[in-house]
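The data block below is upload-v7.cif; it holds mmCIF, C-alpha atoms; chains and numbers go by the auth columns.
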data_coords
loop_
_atom_site.group_PDB
_atom_site.id
_atom_site.type_symbol
_atom_site.label_atom_id
_atom_site.label_comp_id
_atom_site.label_asym_id
_atom_site.label_seq_id
_atom_site.Cartn_x
_atom_site.Cartn_y
_atom_site.Cartn_z
_atom_site.B_iso_or_equiv
_atom_site.auth_seq_id
_atom_site.auth_asym_id
ATOM 1 C CA MET A 1 0.000 0.000 0.000 0.00 8 A
ATOM 2 C CA ALA A 2 1.251 3.496 -0.813 0.00 9 A
ATOM 3 C CA LYS A 3 2.411 5.831 1.934 0.00 10 A
ATOM 4 C CA GLU A 4 -0.185 8.365 3.039 0.00 11 A
ATOM 5 C CA SER A 5 0.595 12.070 2.903 0.00 12 A
ATOM 6 C CA LYS A 6 0.667 14.176 6.082 0.00 13 A
ATOM 7 C CA ALA A 7 -2.777 15.642 5.262 0.00 14 A
ATOM 8 C CA GLN A 8 -4.207 12.159 4.772 0.00 15 A
ATOM 9 C CA GLN A 9 -2.727 10.931 8.050 0.00 16 A
ATOM 10 C CA GLU A 10 -4.204 13.905 9.918 0.00 17 A
ATOM 11 C CA THR A 11 -7.644 13.322 8.393 0.00 18 A
ATOM 12 C CA VAL A 12 -7.643 9.625 9.302 0.00 19 A
ATOM 13 C CA ALA A 13 -6.486 10.506 12.837 0.00 20 A
ATOM 14 C CA ARG A 14 -9.302 13.062 13.220 0.00 21 A
ATOM 15 C CA VAL A 15 -11.931 10.573 12.026 0.00 22 A
ATOM 16 C CA MET A 16 -10.653 7.884 14.399 0.00 23 A
ATOM 17 C CA HIS A 17 -10.670 10.415 17.249 0.00 24 A
ATOM 18 C CA GLU A 18 -14.315 11.203 16.473 0.00 25 A
ATOM 19 C CA PHE A 19 -15.096 7.473 16.437 0.00 26 A
ATOM 20 C CA LYS A 20 -13.335 6.917 19.753 0.00 27 A
ATOM 21 C CA HIS A 21 -15.398 9.669 21.378 0.00 28 A
ATOM 22 C CA GLY A 22 -18.691 8.549 19.805 0.00 29 A
ATOM 23 C CA GLU A 23 -19.006 11.603 17.551 0.00 30 A
ATOM 24 C CA LEU A 24 -18.554 9.911 14.150 0.00 31 A
ATOM 25 C CA LYS A 25 -21.717 9.543 12.108 0.00 32 A
ATOM 26 C CA SER A 26 -22.328 7.613 8.914 0.00 33 A
ATOM 27 C CA GLY A 27 -23.908 9.048 5.781 0.00 34 A
ATOM 28 C CA SER A 28 -27.376 8.209 7.092 0.00 35 A
ATOM 29 C CA GLY A 29 -26.686 10.183 10.275 0.00 36 A
ATOM 30 C CA ARG A 30 -26.448 7.191 12.599 0.00 37 A
ATOM 31 C CA LYS A 31 -23.576 6.842 15.047 0.00 38 A
ATOM 32 C CA VAL A 32 -20.767 4.592 13.782 0.00 39 A
ATOM 33 C CA ARG A 33 -20.129 1.679 16.152 0.00 40 A
ATOM 34 C CA ASN A 34 -17.984 -0.590 13.996 0.00 41 A
ATOM 35 C CA PRO A 35 -14.235 0.203 14.004 0.00 42 A
ATOM 36 C CA ARG A 36 -13.831 -1.201 10.479 0.00 43 A
ATOM 37 C CA GLN A 37 -16.505 1.174 9.223 0.00 44 A
ATOM 38 C CA ALA A 38 -14.730 4.063 10.965 0.00 45 A
ATOM 39 C CA ILE A 39 -11.462 3.139 9.237 0.00 46 A
ATOM 40 C CA ALA A 40 -13.241 2.960 5.870 0.00 47 A
ATOM 41 C CA ILE A 41 -14.782 6.405 6.431 0.00 48 A
ATOM 42 C CA GLY A 42 -11.407 7.841 7.451 0.00 49 A
ATOM 43 C CA LEU A 43 -9.618 6.462 4.396 0.00 50 A
ATOM 44 C CA SER A 44 -12.406 7.632 2.117 0.00 51 A
ATOM 45 C CA GLU A 45 -12.389 11.179 3.543 0.00 52 A
ATOM 46 C CA ALA A 46 -8.592 11.262 3.362 0.00 53 A
ATOM 47 C CA GLY A 47 -8.563 10.158 -0.255 0.00 54 A
ATOM 48 C CA ALA A 48 -6.470 7.112 0.569 0.00 55 A
ATOM 49 C CA THR A 49 -8.866 4.311 -0.321 0.00 56 A
ATOM 50 C CA ASN A 50 -8.060 1.643 -2.896 0.00 57 A
ATOM 51 C CA ARG A 51 -11.724 1.541 -3.970 0.00 58 A
ATOM 52 C CA LYS A 52 -11.592 4.843 -5.873 0.00 59 A
ATOM 53 C CA SER A 53 -9.509 6.219 -8.707 0.00 60 A
ATOM 54 C CA PRO A 54 -6.607 8.597 -7.962 0.00 61 A
ATOM 55 C CA LYS A 55 -8.690 11.494 -9.290 0.00 62 A
ATOM 56 C CA GLN A 56 -11.611 10.646 -6.983 0.00 63 A
ATOM 57 C CA ASN A 57 -9.178 10.328 -4.053 0.00 64 A
ATOM 58 C CA ARG A 58 -7.710 13.804 -4.732 0.00 65 A
ATOM 59 C CA GLN A 59 -11.222 15.261 -4.945 0.00 66 A
ATOM 60 C CA ALA A 60 -12.240 13.581 -1.675 0.00 67 A
ATOM 61 C CA LEU A 61 -9.226 14.988 0.185 0.00 68 A
ATOM 62 C CA ALA A 62 -9.821 18.470 -1.239 0.00 69 A
ATOM 63 C CA ARG A 63 -13.505 18.315 -0.216 0.00 70 A
ATOM 64 C CA THR A 64 -12.554 17.206 3.315 0.00 71 A
ATOM 65 C CA LYS A 65 -9.989 20.002 3.708 0.00 72 A
ATOM 66 C CA ARG A 66 -12.546 22.594 2.530 0.00 73 A
ATOM 67 C CA ARG A 67 -15.036 21.330 5.112 0.00 74 A
ATOM 68 C CA GLU A 68 -12.418 21.417 7.874 0.00 75 A
ATOM 69 C CA ARG A 69 -11.432 25.004 7.030 0.00 76 A
ATOM 70 C CA LYS A 70 -15.074 26.056 6.952 0.00 77 A
ATOM 71 C CA GLY A 71 -15.647 24.398 10.339 0.00 78 A
ATOM 72 C CA GLU A 72 -12.627 26.121 11.896 0.00 79 A
ATOM 73 C CA ALA A 73 -13.807 29.525 10.679 0.00 80 A
ATOM 74 C CA ALA A 74 -17.311 28.927 12.039 0.00 81 A
ATOM 75 C CA ALA A 75 -15.912 27.755 15.379 0.00 82 A
ATOM 76 C CA ALA A 76 -13.715 30.850 15.653 0.00 83 A
ATOM 77 C CA GLN A 77 -16.711 33.098 14.980 0.00 84 A
ATOM 78 C CA GLU A 78 -18.783 31.233 17.561 0.00 85 A
ATOM 79 C CA ARG A 79 -16.233 31.775 20.335 0.00 86 A
ATOM 80 C CA GLY A 80 -16.355 35.529 19.905 0.00 87 A
ATOM 81 C CA PRO A 81 -13.542 37.944 20.662 0.00 88 A
ATOM 82 C CA THR A 82 -10.494 36.847 22.644 0.00 89 A
ATOM 83 C CA ARG A 83 -9.566 38.354 26.000 0.00 90 A
ATOM 84 C CA ALA A 84 -6.787 40.315 24.307 0.00 91 A
ATOM 85 C CA GLU A 85 -9.266 41.865 21.877 0.00 92 A
ATOM 86 C CA LEU A 86 -11.617 42.754 24.721 0.00 93 A
ATOM 87 C CA TYR A 87 -8.721 44.213 26.710 0.00 94 A
ATOM 88 C CA ARG A 88 -7.692 46.362 23.734 0.00 95 A
ATOM 89 C CA GLU A 89 -11.241 47.717 23.456 0.00 96 A
ATOM 90 C CA ALA A 90 -11.358 48.368 27.220 0.00 97 A
ATOM 91 C CA THR A 91 -8.094 50.310 26.895 0.00 98 A
ATOM 92 C CA GLU A 92 -9.578 52.425 24.116 0.00 99 A
ATOM 93 C CA ARG A 93 -12.645 53.161 26.244 0.00 100 A
ATOM 94 C CA GLY A 94 -10.542 53.890 29.326 0.00 101 A
ATOM 95 C CA ILE A 95 -12.168 51.322 31.648 0.00 102 A
ATOM 96 C CA LYS A 96 -10.495 51.271 35.068 0.00 103 A
ATOM 97 C CA GLY A 97 -9.222 47.999 36.582 0.00 104 A
ATOM 98 C CA ARG A 98 -9.176 46.235 33.209 0.00 105 A
ATOM 99 C CA SER A 99 -5.776 44.603 33.751 0.00 106 A
ATOM 100 C CA ARG A 100 -7.125 42.411 36.558 0.00 107 A
ATOM 101 C CA MET A 101 -10.386 41.483 34.824 0.00 108 A
ATOM 102 C CA SER A 102 -11.101 38.075 33.369 0.00 109 A
ATOM 103 C CA LYS A 103 -12.590 37.659 29.920 0.00 110 A
ATOM 104 C CA ALA A 104 -16.115 37.405 31.377 0.00 111 A
ATOM 105 C CA GLU A 105 -15.570 40.516 33.496 0.00 112 A
ATOM 106 C CA LEU A 106 -14.262 42.444 30.480 0.00 113 A
ATOM 107 C CA GLU A 107 -17.343 41.420 28.504 0.00 114 A
ATOM 108 C CA GLY A 108 -19.523 42.668 31.357 0.00 115 A
ATOM 109 C CA ALA A 109 -17.644 45.949 31.617 0.00 116 A
ATOM 110 C CA LEU A 110 -17.988 46.454 27.865 0.00 117 A
ATOM 111 C CA HIS A 111 -21.707 45.567 28.084 0.00 118 A
ATOM 112 C CA ARG A 112 -21.566 42.603 25.693 0.00 119 A
#

Produce C-alpha cells that represent the structure in this file.
Amino acid sequence: MAKESKAQQETVARVMHEFKHGELKSGSGRKVRNPRQAIAIGLSEAGATNRKSPKQNRQALARTKRRERKGEAAAAQERGPTRAELYREATERGIKGRSRMSKAELEGALHR
C-alpha cells in the first residue's frame, strides 16, 4: 500500500478520534459503532482508499480540507472575541481595573 501524505494521516487521525469519542456519524446520520466502518470512512475522507480512482481520491481529500477550514472559521466566529481583543477595546474606552479582569468581566464591563 502506498504511503499516506501528512494531510491524509491527519484526516484519518481526526476521524478515528471522532469514532473513539462517539461523535462519528455515517452518511445516514447514525452513530458509527464498527471500528472497520470508521477506518473505511477515514480512508475515504482522506482520499487514501483503494476503492476509488486517484482522481476521486484527490477530490475527496480536497472536499474534506474545505469542510475542515469552513468548520474552523465557524468555530472561531462562535467563540467571539479573545480576552486580548476585549482588553484592547477596554483600553480604548478607558475602563479602570481592566488589567485584573477576566474575559467574562471584560465582557460585562464592555456591556456585551

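Remark: for Gly87 of chain A, the closest of the candidate residues A:Lys59, A:Lys110, A:Lys10, A:Arg40 is A:Lys110 (distances computed over only C-alpha atoms).
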
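Running the PyMOL selection byres ((chain A and resi 73-76) around 12) on this file leaves Ala14, Glu17, Thr18, Arg21, Val22, Glu52, Ala53, Gln66, Ala67, Leu68, Ala69, Arg70, Thr71, Lys72, Lys77, Gly78, Glu79, Ala80, Ala81, Ala82 and Ala83 of chain A selected.
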
**Request:** Convert the output of the PyMOL selection byres ((chain A and resi 42-44) around 12) on the shown file into explicit residues, formatted as JSON, numbers by chain.
**Result:** {"A": [22, 23, 24, 25, 26, 27, 29, 31, 32, 33, 34, 38, 39, 40, 41, 45, 46, 47, 48, 49, 50, 51]}

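Across the structure, atom CA of His28 of chain A and atom CA of Ala111 of chain A are spaced 29.5 Å apart.
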
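Relative to atom CA of Arg37 of chain A, atom CA of Asn57 of chain A is found at 24.7 Å.
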
**Asked** Which neighbours of Leu117 of chain A fall inside 10 Å, counting only C-alpha atoms, when residues of the same chain fewer than 5 positions from it are skipped, and could you give them as a PyMOL selection string?
**Response** chain A and resi 93-94+96-97+100+102+111-112

**Message:** Restricting the calculation to all atoms listed in the file: of A:Pro88, A:Gly36, A:Gly54, A:Pro61, which residue gets closest to Arg119 of chain A?
**Reply:** A:Pro88

**Prompt:** How far is it from atom CA of Arg58 of chain A to atom CA of Val19 of chain A, in Å with one decimal?
**Reply:** 16.1 Å

Please write a file for segment 89-113 of chain A, taken from the block I just shared, that holds N, CA, C and O atoms and is laid out as a PDB file, in the first residue's frame.
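selection03.pdb written:
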ATOM      1  N   THR A  89     -11.398  37.369  21.624  1.00  0.00           N
ATOM      2  CA  THR A  89     -10.494  36.847  22.644  1.00  0.00           C
ATOM      3  C   THR A  89     -10.380  37.857  23.784  1.00  0.00           C
ATOM      4  O   THR A  89     -10.812  39.010  23.665  1.00  0.00           O
ATOM      5  N   ARG A  90      -9.761  37.451  24.883  1.00  0.00           N
ATOM      6  CA  ARG A  90      -9.566  38.354  26.000  1.00  0.00           C
ATOM      7  C   ARG A  90      -8.691  39.528  25.584  1.00  0.00           C
ATOM      8  O   ARG A  90      -8.933  40.673  25.975  1.00  0.00           O
ATOM      9  N   ALA A  91      -7.684  39.248  24.764  1.00  0.00           N
ATOM     10  CA  ALA A  91      -6.787  40.315  24.307  1.00  0.00           C
ATOM     11  C   ALA A  91      -7.543  41.358  23.501  1.00  0.00           C
ATOM     12  O   ALA A  91      -7.308  42.565  23.662  1.00  0.00           O
ATOM     13  N   GLU A  92      -8.458  40.916  22.658  1.00  0.00           N
ATOM     14  CA  GLU A  92      -9.266  41.865  21.877  1.00  0.00           C
ATOM     15  C   GLU A  92     -10.170  42.691  22.787  1.00  0.00           C
ATOM     16  O   GLU A  92     -10.316  43.906  22.595  1.00  0.00           O
ATOM     17  N   LEU A  93     -10.765  42.031  23.765  1.00  0.00           N
ATOM     18  CA  LEU A  93     -11.617  42.754  24.721  1.00  0.00           C
ATOM     19  C   LEU A  93     -10.791  43.752  25.536  1.00  0.00           C
ATOM     20  O   LEU A  93     -11.229  44.878  25.790  1.00  0.00           O
ATOM     21  N   TYR A  94      -9.601  43.343  25.926  1.00  0.00           N
ATOM     22  CA  TYR A  94      -8.721  44.213  26.710  1.00  0.00           C
ATOM     23  C   TYR A  94      -8.344  45.453  25.900  1.00  0.00           C
ATOM     24  O   TYR A  94      -8.336  46.574  26.414  1.00  0.00           O
ATOM     25  N   ARG A  95      -8.037  45.243  24.620  1.00  0.00           N
ATOM     26  CA  ARG A  95      -7.692  46.362  23.734  1.00  0.00           C
ATOM     27  C   ARG A  95      -8.849  47.362  23.654  1.00  0.00           C
ATOM     28  O   ARG A  95      -8.653  48.573  23.737  1.00  0.00           O
ATOM     29  N   GLU A  96     -10.063  46.839  23.531  1.00  0.00           N
ATOM     30  CA  GLU A  96     -11.241  47.717  23.456  1.00  0.00           C
ATOM     31  C   GLU A  96     -11.450  48.447  24.784  1.00  0.00           C
ATOM     32  O   GLU A  96     -11.794  49.632  24.807  1.00  0.00           O
ATOM     33  N   ALA A  97     -11.218  47.738  25.905  1.00  0.00           N
ATOM     34  CA  ALA A  97     -11.358  48.368  27.220  1.00  0.00           C
ATOM     35  C   ALA A  97     -10.331  49.479  27.394  1.00  0.00           C
ATOM     36  O   ALA A  97     -10.617  50.526  27.993  1.00  0.00           O
ATOM     37  N   THR A  98      -9.129  49.280  26.850  1.00  0.00           N
ATOM     38  CA  THR A  98      -8.094  50.310  26.895  1.00  0.00           C
ATOM     39  C   THR A  98      -8.541  51.548  26.125  1.00  0.00           C
ATOM     40  O   THR A  98      -8.399  52.677  26.605  1.00  0.00           O
ATOM     41  N   GLU A  99      -9.102  51.309  24.940  1.00  0.00           N
ATOM     42  CA  GLU A  99      -9.578  52.425  24.116  1.00  0.00           C
ATOM     43  C   GLU A  99     -10.687  53.205  24.815  1.00  0.00           C
ATOM     44  O   GLU A  99     -10.762  54.423  24.706  1.00  0.00           O
ATOM     45  N   ARG A 100     -11.541  52.500  25.545  1.00  0.00           N
ATOM     46  CA  ARG A 100     -12.645  53.161  26.244  1.00  0.00           C
ATOM     47  C   ARG A 100     -12.232  53.729  27.597  1.00  0.00           C
ATOM     48  O   ARG A 100     -13.005  54.429  28.243  1.00  0.00           O
ATOM     49  N   GLY A 101     -11.043  53.365  28.056  1.00  0.00           N
ATOM     50  CA  GLY A 101     -10.542  53.890  29.326  1.00  0.00           C
ATOM     51  C   GLY A 101     -11.197  53.282  30.554  1.00  0.00           C
ATOM     52  O   GLY A 101     -11.394  53.959  31.571  1.00  0.00           O
ATOM     53  N   ILE A 102     -11.521  52.004  30.517  1.00  0.00           N
ATOM     54  CA  ILE A 102     -12.168  51.322  31.648  1.00  0.00           C
ATOM     55  C   ILE A 102     -11.127  51.037  32.723  1.00  0.00           C
ATOM     56  O   ILE A 102     -10.075  50.463  32.455  1.00  0.00           O
ATOM     57  N   LYS A 103     -11.423  51.452  33.941  1.00  0.00           N
ATOM     58  CA  LYS A 103     -10.495  51.271  35.068  1.00  0.00           C
ATOM     59  C   LYS A 103     -10.505  49.819  35.550  1.00  0.00           C
ATOM     60  O   LYS A 103     -11.541  49.164  35.530  1.00  0.00           O
ATOM     61  N   GLY A 104      -9.352  49.334  36.018  1.00  0.00           N
ATOM     62  CA  GLY A 104      -9.222  47.999  36.582  1.00  0.00           C
ATOM     63  C   GLY A 104      -9.224  46.884  35.549  1.00  0.00           C
ATOM     64  O   GLY A 104      -9.362  45.717  35.891  1.00  0.00           O
ATOM     65  N   ARG A 105      -9.079  47.219  34.292  1.00  0.00           N
ATOM     66  CA  ARG A 105      -9.176  46.235  33.209  1.00  0.00           C
ATOM     67  C   ARG A 105      -8.073  45.189  33.252  1.00  0.00           C
ATOM     68  O   ARG A 105      -8.270  44.063  32.829  1.00  0.00           O
ATOM     69  N   SER A 106      -6.895  45.544  33.782  1.00  0.00           N
ATOM     70  CA  SER A 106      -5.776  44.603  33.751  1.00  0.00           C
ATOM     71  C   SER A 106      -6.011  43.394  34.653  1.00  0.00           C
ATOM     72  O   SER A 106      -5.442  42.337  34.414  1.00  0.00           O
ATOM     73  N   ARG A 107      -6.858  43.527  35.640  1.00  0.00           N
ATOM     74  CA  ARG A 107      -7.125  42.411  36.558  1.00  0.00           C
ATOM     75  C   ARG A 107      -8.408  41.677  36.219  1.00  0.00           C
ATOM     76  O   ARG A 107      -8.768  40.723  36.905  1.00  0.00           O
ATOM     77  N   MET A 108      -9.107  42.101  35.179  1.00  0.00           N
ATOM     78  CA  MET A 108     -10.386  41.483  34.824  1.00  0.00           C
ATOM     79  C   MET A 108     -10.183  40.217  33.991  1.00  0.00           C
ATOM     80  O   MET A 108      -9.256  40.131  33.194  1.00  0.00           O
ATOM     81  N   SER A 109     -11.092  39.276  34.203  1.00  0.00           N
ATOM     82  CA  SER A 109     -11.101  38.075  33.369  1.00  0.00           C
ATOM     83  C   SER A 109     -11.845  38.398  32.076  1.00  0.00           C
ATOM     84  O   SER A 109     -12.396  39.494  31.907  1.00  0.00           O
ATOM     85  N   LYS A 110     -11.897  37.445  31.184  1.00  0.00           N
ATOM     86  CA  LYS A 110     -12.590  37.659  29.920  1.00  0.00           C
ATOM     87  C   LYS A 110     -14.070  37.956  30.167  1.00  0.00           C
ATOM     88  O   LYS A 110     -14.634  38.890  29.592  1.00  0.00           O
ATOM     89  N   ALA A 111     -14.694  37.193  31.067  1.00  0.00           N
ATOM     90  CA  ALA A 111     -16.115  37.405  31.377  1.00  0.00           C
ATOM     91  C   ALA A 111     -16.340  38.781  31.987  1.00  0.00           C
ATOM     92  O   ALA A 111     -17.323  39.472  31.668  1.00  0.00           O
ATOM     93  N   GLU A 112     -15.435  39.201  32.865  1.00  0.00           N
ATOM     94  CA  GLU A 112     -15.570  40.516  33.496  1.00  0.00           C
ATOM     95  C   GLU A 112     -15.385  41.635  32.472  1.00  0.00           C
ATOM     96  O   GLU A 112     -16.095  42.647  32.515  1.00  0.00           O
ATOM     97  N   LEU A 113     -14.457  41.450  31.542  1.00  0.00           N
ATOM     98  CA  LEU A 113     -14.262  42.444  30.480  1.00  0.00           C
ATOM     99  C   LEU A 113     -15.516  42.551  29.609  1.00  0.00           C
ATOM    100  O   LEU A 113     -15.936  43.644  29.239  1.00  0.00           O
TER     101      LEU A 113
END
